[in-house]
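**Q** The structure under discussion is supplied below as structure tokens; questions concerning it will follow.
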Amino acid sequence: YIYLEHGAHWAIGALALILMVSIGVHVNELITGLIGIAFIGAAVFSSIRRNRKEGEPKEPATAEPTPVA
């Protein structure tokens, strides 16, 4: 999943922002969890969509075996 790492970083950033906001205002834990799950879910969905668009990865070209004397 190519975008999963990016989604995790966005989720961590959002959780840090929520932590700063929660100093002055109560933020429900359900909201906090859903925001993190939404970022990671969007990253997984985007990764799957990209993989389908790009197609299956091709096998790397292999060199001809060297003949043994």
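Chain lettering (A, B, ...) mirrors the order of the structure tokens, residue numbering begins at 1 for each chain separately, and ligand numbering begins at 1 in order of display.
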Using DSSP on the backbone, list every residue of chain A that comes out as helix (DSSP H, G or I), and give them as a ChimeraX atom specification.
**A** /A:4-21,29-54
**Q** Quick one: residues within 10 Å of A:His6, only C-alpha atoms, excluding same-chain residues fewer than 5 positions away - as JSON, numbers by chain?
**A** {"A": [11, 12, 39, 40, 43]}
**Q** Please identify all polymer residues within 10 Å of A:Phe45, counting only C-alpha atoms, omitting same-chain residues fewer than 5 positions from it, and present them as number ranges by chain.
**A** A: 1, 3-4, 39-40, 50-51
**Q** Store the residues of this selection in a file with all heavy atoms, as a PDB file, in the first residue's frame.
**A**
ATOM      1  N   TYR A   1       0.848  -1.174   0.000  1.00  0.00           N
ATOM      2  CA  TYR A   1       0.000   0.000   0.000  1.00  0.00           C
ATOM      3  C   TYR A   1       0.889   1.230   0.000  1.00  0.00           C
ATOM      4  O   TYR A   1       1.466   1.604   1.023  1.00  0.00           O
ATOM      5  CB  TYR A   1      -0.921  -0.017   1.202  1.00  0.00           C
ATOM      6  CG  TYR A   1      -1.831  -1.232   1.218  1.00  0.00           C
ATOM      7  CD1 TYR A   1      -1.605  -2.294   2.079  1.00  0.00           C
ATOM      8  CD2 TYR A   1      -2.893  -1.299   0.355  1.00  0.00           C
ATOM      9  CE1 TYR A   1      -2.427  -3.388   2.087  1.00  0.00           C
ATOM     10  CE2 TYR A   1      -3.729  -2.391   0.346  1.00  0.00           C
ATOM     11  CZ  TYR A   1      -3.500  -3.435   1.214  1.00  0.00           C
ATOM     12  OH  TYR A   1      -4.321  -4.523   1.202  1.00  0.00           O
ATOM     13  N   TYR A   3       0.384   4.481  -0.276  1.00  0.00           N
ATOM     14  CA  TYR A   3       0.036   5.709   0.425  1.00  0.00           C
ATOM     15  C   TYR A   3      -0.218   5.508   1.922  1.00  0.00           C
ATOM     16  O   TYR A   3      -0.563   6.460   2.615  1.00  0.00           O
ATOM     17  CB  TYR A   3      -1.202   6.348  -0.203  1.00  0.00           C
ATOM     18  CG  TYR A   3      -1.023   6.707  -1.657  1.00  0.00           C
ATOM     19  CD1 TYR A   3      -1.927   6.279  -2.610  1.00  0.00           C
ATOM     20  CD2 TYR A   3       0.051   7.468  -2.076  1.00  0.00           C
ATOM     21  CE1 TYR A   3      -1.769   6.611  -3.947  1.00  0.00           C
ATOM     22  CE2 TYR A   3       0.224   7.796  -3.404  1.00  0.00           C
ATOM     23  CZ  TYR A   3      -0.690   7.368  -4.339  1.00  0.00           C
ATOM     24  OH  TYR A   3      -0.529   7.697  -5.653  1.00  0.00           O
ATOM     25  N   LEU A   4      -0.034   4.308   2.421  1.00  0.00           N
ATOM     26  CA  LEU A   4      -0.366   4.027   3.823  1.00  0.00           C
ATOM     27  C   LEU A   4       0.507   4.823   4.782  1.00  0.00           C
ATOM     28  O   LEU A   4       0.024   5.344   5.788  1.00  0.00           O
ATOM     29  CB  LEU A   4      -0.246   2.535   4.107  1.00  0.00           C
ATOM     30  CG  LEU A   4      -0.707   2.084   5.480  1.00  0.00           C
ATOM     31  CD1 LEU A   4      -2.175   2.449   5.685  1.00  0.00           C
ATOM     32  CD2 LEU A   4      -0.518   0.594   5.633  1.00  0.00           C
ATOM     33  N   PHE A  39      -8.382   8.918   8.003  1.00  0.00           N
ATOM     34  CA  PHE A  39      -7.153   9.185   7.250  1.00  0.00           C
ATOM     35  C   PHE A  39      -6.498   7.893   6.776  1.00  0.00           C
ATOM     36  O   PHE A  39      -6.090   7.781   5.619  1.00  0.00           O
ATOM     37  CB  PHE A  39      -6.151   9.986   8.091  1.00  0.00           C
ATOM     38  CG  PHE A  39      -6.380  11.467   8.050  1.00  0.00           C
ATOM     39  CD1 PHE A  39      -6.751  12.153   9.185  1.00  0.00           C
ATOM     40  CD2 PHE A  39      -6.208  12.179   6.874  1.00  0.00           C
ATOM     41  CE1 PHE A  39      -6.956  13.522   9.166  1.00  0.00           C
ATOM     42  CE2 PHE A  39      -6.407  13.556   6.838  1.00  0.00           C
ATOM     43  CZ  PHE A  39      -6.782  14.230   7.984  1.00  0.00           C
ATOM     44  N   ILE A  40      -6.405   6.909   7.653  1.00  0.00           N
ATOM     45  CA  ILE A  40      -5.763   5.657   7.273  1.00  0.00           C
ATOM     46  C   ILE A  40      -6.624   4.899   6.257  1.00  0.00           C
ATOM     47  O   ILE A  40      -6.108   4.332   5.294  1.00  0.00           O
ATOM     48  CB  ILE A  40      -5.462   4.815   8.527  1.00  0.00           C
ATOM     49  CG1 ILE A  40      -4.394   5.534   9.348  1.00  0.00           C
ATOM     50  CG2 ILE A  40      -5.007   3.414   8.157  1.00  0.00           C
ATOM     51  CD1 ILE A  40      -4.095   4.923  10.683  1.00  0.00           C
ATOM     52  N   ARG A  50      -4.986   3.079  -6.844  1.00  0.00           N
ATOM     53  CA  ARG A  50      -3.798   3.306  -7.662  1.00  0.00           C
ATOM     54  C   ARG A  50      -3.240   1.991  -8.196  1.00  0.00           C
ATOM     55  O   ARG A  50      -2.844   1.903  -9.351  1.00  0.00           O
ATOM     56  CB  ARG A  50      -2.714   4.012  -6.868  1.00  0.00           C
ATOM     57  CG  ARG A  50      -1.466   4.253  -7.692  1.00  0.00           C
ATOM     58  CD  ARG A  50      -0.291   4.606  -6.806  1.00  0.00           C
ATOM     59  NE  ARG A  50       0.910   4.777  -7.587  1.00  0.00           N
ATOM     60  CZ  ARG A  50       1.772   3.806  -7.854  1.00  0.00           C
ATOM     61  NH1 ARG A  50       1.554   2.593  -7.432  1.00  0.00           N
ATOM     62  NH2 ARG A  50       2.857   4.033  -8.546  1.00  0.00           N
ATOM     63  N   ASN A  51      -3.193   0.962  -7.337  1.00  0.00           N
ATOM     64  CA  ASN A  51      -2.671  -0.324  -7.776  1.00  0.00           C
ATOM     65  C   ASN A  51      -3.514  -0.916  -8.901  1.00  0.00           C
ATOM     66  O   ASN A  51      -2.982  -1.505  -9.831  1.00  0.00           O
ATOM     67  CB  ASN A  51      -2.591  -1.302  -6.607  1.00  0.00           C
ATOM     68  CG  ASN A  51      -1.486  -0.938  -5.649  1.00  0.00           C
ATOM     69  OD1 ASN A  51      -0.576  -0.188  -5.974  1.00  0.00           O
ATOM     70  ND2 ASN A  51      -1.575  -1.459  -4.437  1.00  0.00           N
TER      71      ASN A  51
END
**Q** Which one of A:Ile18, A:Gly55, A:Val44, A:Glu5 sits closest to A:Thr32 if you count only C-alpha atoms?
**A**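 With only C-alpha atoms as the atom set, the closest residue is A:Ile18.
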**Q** Pick out the closest residue to A:Gly33 from this set: A:Lys53, A:His9, A:Val68, A:Ala14. Count only C-alpha atoms.
**A**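 Counting only C-alpha atoms, the residue closest to A:Gly33 is A:Ala14.
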**Q** What does the distance between atom CA of A:Ile35 and atom CA of A:Leu15 come to in Å, to one decimal place?
**A**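 Here the two named atoms are 8.0 Å from each other.
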**Q** Here is a test: counting only C-alpha atoms, which residue of A:Glu54, A:Ser47, A:Leu30, A:Ala38 is nearest to A:Trp10?
**A**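 For A:Trp10, the nearest of the given residues is A:Ala38.
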